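Source file: final-v4.csv. Holds: CSV, C-alpha atoms.
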```csv
chain,number,residue,atom,x,y,z
R,102,MET,CA,143.6,151.2,153.7
R,103,LEU,CA,143.4,154.5,151.9
R,104,LYS,CA,139.7,155.0,152.8
R,105,GLN,CA,140.4,154.1,156.4
R,106,SER,CA,143.2,156.7,156.4
R,107,ILE,CA,140.9,159.4,155.0
R,108,VAL,CA,138.2,158.5,157.5
R,109,ALA,CA,140.8,158.7,160.3
R,110,LEU,CA,141.9,162.1,159.0
R,111,ALA,CA,138.4,163.4,158.9
R,112,LEU,CA,137.4,162.0,162.3
R,113,GLY,CA,140.7,162.8,164.0
R,114,SER,CA,140.5,166.6,163.6
R,115,SER,CA,141.5,167.2,167.2
R,116,ALA,CA,144.7,165.3,166.7
R,117,LEU,CA,145.1,166.9,163.3
R,118,MET,CA,144.9,170.4,164.7
R,119,ALA,CA,147.4,169.5,167.4
R,120,GLY,CA,150.0,168.8,164.6
R,121,PRO,CA,151.0,165.9,162.4
R,122,ALA,CA,153.3,163.1,163.3
R,123,LEU,CA,156.8,163.6,161.9
R,124,ALA,CA,158.1,161.9,158.8
R,125,ASP,CA,161.7,162.1,157.6
R,126,HIS,CA,160.6,161.8,154.0
R,127,LEU,CA,157.8,164.4,154.1
R,128,ASN,CA,157.6,168.0,155.3
R,129,ILE,CA,155.5,171.1,154.7
R,130,ALA,CA,157.1,174.2,156.3
R,131,THR,CA,154.3,176.5,157.4
R,132,ASP,CA,156.4,179.0,159.3
R,133,GLY,CA,156.4,182.0,157.0
R,134,ILE,CA,153.5,180.8,154.9
R,135,GLN,CA,151.9,183.6,152.9
R,136,VAL,CA,148.3,183.9,152.0
R,137,ASP,CA,147.3,186.7,149.5
R,138,GLY,CA,143.7,186.3,148.4
R,139,ASP,CA,143.6,183.1,146.3
R,140,THR,CA,147.3,182.4,146.5
R,141,VAL,CA,149.0,180.4,149.2
R,142,THR,CA,152.9,180.4,149.2
R,143,ILE,CA,154.4,177.6,151.3
R,144,PRO,CA,158.1,178.3,152.1
R,145,SER,CA,159.3,174.8,151.6
R,146,VAL,CA,158.0,171.3,150.8
R,147,LEU,CA,159.8,168.0,151.1
R,148,ILE,CA,158.4,164.9,149.4
R,149,ASP,CA,160.3,161.7,148.5
R,150,GLU,CA,158.8,161.3,145.0
R,151,PRO,CA,156.8,163.6,142.7
R,152,GLY,CA,153.5,164.7,144.0
R,153,PHE,CA,151.2,167.5,145.0
R,154,VAL,CA,150.7,170.0,147.8
R,155,VAL,CA,146.9,170.1,148.3
R,156,ILE,CA,144.9,172.7,150.2
R,157,HIS,CA,141.7,171.5,152.0
R,158,GLU,CA,139.2,173.6,153.9
R,159,VAL,CA,138.4,172.9,157.6
R,160,LEU,CA,134.7,173.3,158.4
R,161,ASP,CA,133.3,172.9,161.9
R,162,GLY,CA,136.7,171.6,163.0
R,163,GLN,CA,136.7,168.8,160.4
R,164,PRO,CA,138.9,168.7,157.3
R,165,VAL,CA,136.8,168.6,154.1
R,166,VAL,CA,138.1,165.5,152.2
R,167,PRO,CA,138.4,164.3,149.6
R,168,ALA,CA,137.4,167.7,148.1
R,169,SER,CA,140.2,170.2,147.8
R,170,ILE,CA,140.3,173.9,146.9
R,171,GLY,CA,143.8,174.0,145.3
R,172,HIS,CA,146.9,172.1,144.5
R,173,ALA,CA,150.4,172.4,143.1
R,174,TYR,CA,152.7,169.8,141.5
R,175,VAL,CA,156.2,169.3,143.1
R,176,GLU,CA,159.1,167.1,142.1
R,177,GLY,CA,160.6,164.7,144.5
R,178,GLY,CA,163.0,166.3,147.0
R,179,THR,CA,162.8,169.8,148.5
R,180,THR,CA,161.0,172.6,146.7
R,181,ASP,CA,161.1,176.2,148.0
R,182,SER,CA,158.4,178.8,147.6
R,183,VAL,CA,155.5,176.5,146.4
R,184,GLU,CA,152.7,178.7,145.1
R,185,ILE,CA,149.2,177.2,145.1
R,186,THR,CA,146.2,179.0,143.5
R,187,THR,CA,142.9,178.2,145.3
R,188,GLU,CA,139.4,178.2,143.8
R,189,TYR,CA,138.6,181.4,145.8
R,190,PRO,CA,140.3,183.8,148.2
R,191,LEU,CA,141.0,182.3,151.6
R,192,GLU,CA,139.1,183.9,154.5
R,193,ASP,CA,141.2,185.6,157.2
R,194,GLY,CA,140.9,183.6,160.4
R,195,ALA,CA,139.7,180.5,158.7
R,196,ASP,CA,141.5,177.2,159.2
R,197,TYR,CA,142.9,175.1,156.3
R,198,ILE,CA,145.2,172.2,155.9
R,199,ALA,CA,148.0,171.6,153.5
R,200,MET,CA,148.4,167.9,152.6
R,201,LEU,CA,150.9,165.9,150.5
R,202,HIS,CA,149.8,163.5,147.8
R,203,TYR,CA,151.8,161.4,145.5
R,204,ASP,CA,151.5,161.5,141.7
R,205,THR,CA,150.7,157.8,141.5
R,206,ASP,CA,149.7,157.7,137.9
R,207,GLY,CA,152.7,159.8,136.8
R,208,ASP,CA,150.8,162.2,134.6
R,209,GLY,CA,151.5,165.4,136.5
R,210,GLU,CA,147.7,166.1,136.9
R,211,TYR,CA,146.0,166.0,140.3
R,212,SER,CA,143.2,163.5,140.0
R,213,PHE,CA,142.3,162.6,143.6
R,214,GLY,CA,138.7,163.5,144.6
R,215,GLU,CA,135.2,162.3,145.0
R,216,GLY,CA,134.9,158.9,143.1
R,217,MET,CA,138.7,158.9,142.4
R,218,THR,CA,140.4,158.1,145.6
R,219,ASP,CA,142.6,155.3,144.2
R,220,VAL,CA,144.9,157.7,142.2
R,221,ASP,CA,147.2,160.5,143.4
R,222,THR,CA,146.8,159.2,147.0
R,223,PRO,CA,147.9,160.9,150.2
R,224,ALA,CA,151.5,160.6,151.2
R,225,LEU,CA,151.6,158.8,154.6
R,226,ASN,CA,153.7,159.6,157.6
R,227,ALA,CA,155.3,157.0,159.9
R,228,GLU,CA,152.0,156.2,161.5
R,229,ASP,CA,150.4,155.5,158.1
R,230,ALA,CA,148.2,158.6,158.3
R,231,PRO,CA,148.1,161.3,155.6
R,232,TYR,CA,150.8,163.9,156.1
R,233,VAL,CA,149.2,167.3,156.8
R,234,GLN,CA,150.0,170.7,158.2
R,235,PRO,CA,147.2,172.9,159.5
R,236,PHE,CA,147.3,176.7,159.1
R,237,THR,CA,145.1,179.7,159.6
R,238,ALA,CA,144.7,182.3,156.8
R,239,GLY,CA,145.6,185.8,157.9
R,240,ASP,CA,147.6,184.8,161.0
R,241,SER,CA,150.9,186.5,161.4
R,242,MET,CA,152.9,183.7,159.7
R,243,MET,CA,155.9,185.6,158.6
```

Go ahead and render the structure in this file as structure tokens.
Amino acid sequence: MLKQSIVALALGSSALMAGPALADHLNIATDGIQVDGDTVTIPSVLIDEPGFVVIHEVLDGQPVVPASIGHAYVEGGTTDSVEITTEYPLEDGADYIAMLHYDTDGDGEYSFGEGMTDVDTPALNAEDAPYVQPFTAGDSMM
């Protein structure tokens, strides 16, 4: 099921860029998101159990998964001003997605990636799709 969800995410970029389905237990507030070089500050994150906010690139209209370029741990509940350091400065005008993942192994370390897609799995919305929010670096988001 997880691999199907990731494939659906990767193949469904037109739906992805139109916006995610709502979920009452998950939210990434992108209004007011700040990007300063290699630091992304998300105004508010809601997740129903401990997990991670993960940043993925979008190339040629497709999200790059399972690879990610940065992540931050968050406790369950609402967390304000979540700061994520990325592997390199984000490019003005480039598209990215913020995605929620659960800390499924409970170690506080983000382990999801190539060859490790069965731990720290994506948090799913009401339609059983990974919960994501698209954003563009350098847009007037404040």

Item to check | Minimum-distance residue to Ile156 of chain R, chosen among R:Ala230, R:Gly216, R:Pro235, R:Gly177 (using all atoms listed in the file) | outcome: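 Among the listed residues, R:Pro235 lies closest to Ile156 of chain R.
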
Checklist entry - Just how far from atom CA of Leu147 of chain R is atom CA of Thr237 of chain R, in Å to one decimal? => result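 Interatomic distance, atom CA of Thr237 of chain R to atom CA of Leu147 of chain R: 20.6 Å.
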
Would you pick out the contacts of Glu184 of chain R at 10 Å or less, using all atoms listed in the file, so that residues sharing its chain but fewer than 2 positions from it are not included, and give the list as a CSV table (one decimal) with C-alpha atoms, in the coordinates of the input?
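Now in part_30.csv:
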```
chain,number,residue,atom,x,y,z
R,135,GLN,CA,151.9,183.6,152.9
R,136,VAL,CA,148.3,183.9,152.0
R,140,THR,CA,147.3,182.4,146.5
R,141,VAL,CA,149.0,180.4,149.2
R,142,THR,CA,152.9,180.4,149.2
R,143,ILE,CA,154.4,177.6,151.3
R,144,PRO,CA,158.1,178.3,152.1
R,154,VAL,CA,150.7,170.0,147.8
R,172,HIS,CA,146.9,172.1,144.5
R,173,ALA,CA,150.4,172.4,143.1
R,174,TYR,CA,152.7,169.8,141.5
R,181,ASP,CA,161.1,176.2,148.0
R,182,SER,CA,158.4,178.8,147.6
R,186,THR,CA,146.2,179.0,143.5
R,187,THR,CA,142.9,178.2,145.3
```

Checklist entry - Out of R:Glu150, R:Gly239, R:Pro223, R:Met217, which residue has the shortest atom-to-atom distance to Gly194 of chain R when counting all atoms listed in the file? => result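 Among the listed residues, R:Gly239 lies closest to Gly194 of chain R.
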
Item to check | Nearest to Asn226 of chain R, chosen from R:Val166, R:Leu191, R:Val159, R:Met200, with only C-alpha atoms counted in the distances | outcome: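 Counting only C-alpha atoms, the residue closest to Asn226 of chain R is R:Met200.
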
Checklist entry - Can you tell me how far atom CA of Glu210 of chain R sits from atom CA of Asp132 of chain R, in Å to one decimal? => result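 Distance between the two atoms: 27.3 Å.
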
Checklist entry - At what distance in Å, to one decimal, does atom CA of Gly171 of chain R lie from atom CA of Ala195 of chain R? => result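 One can read the atom CA of Ala195 of chain R to atom CA of Gly171 of chain R distance as 15.4 Å.
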
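Among the candidate residues R:Ile198, R:Val183, R:Leu127, R:Val220, the one lying nearest to Ala238 of chain R is R:Ile198, with distances computed using all atoms listed in the file.
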
Item to check | Which of R:Asn128, R:Tyr197, R:Tyr203, R:Tyr189 sits closest to Glu158 of chain R [using only C-alpha atoms] | outcome: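 The shortest atom-to-atom distance to Glu158 of chain R comes from R:Tyr197.
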
Item to check | Long-range neighbours of segment 205-208 of chain R as an MDAnalysis selection string, 8 Å cut-off, only C-alpha atoms, 3 positions minimum in chain | outcome: chainID R and resid 152 220:222

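Using all atoms listed in the file, the smallest distance between any of R:Asp137, R:Asp196, R:Glu215, R:Asp125 and Asp161 of chain R comes from R:Asp196.
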
Next on the checklist: Which residues are close to Ile148 of chain R, i.e. within 9 Å by all atoms listed in the file, leaving aside same-chain residues fewer than 6 positions away? Reply as a PyMOL selection string.
Outcome noted: chain R and resi 126-129+175-180+201-203+224

Checklist entry - Contacts of Gly214 of chain R at 8 Å or less, counting all atoms listed in the file, minus same-chain residues fewer than 6 places along, as a list in words? => result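 Neighbouring residues, sequence-local ones excluded: Val166, Pro167, Ala168 and Ser169 of chain R.
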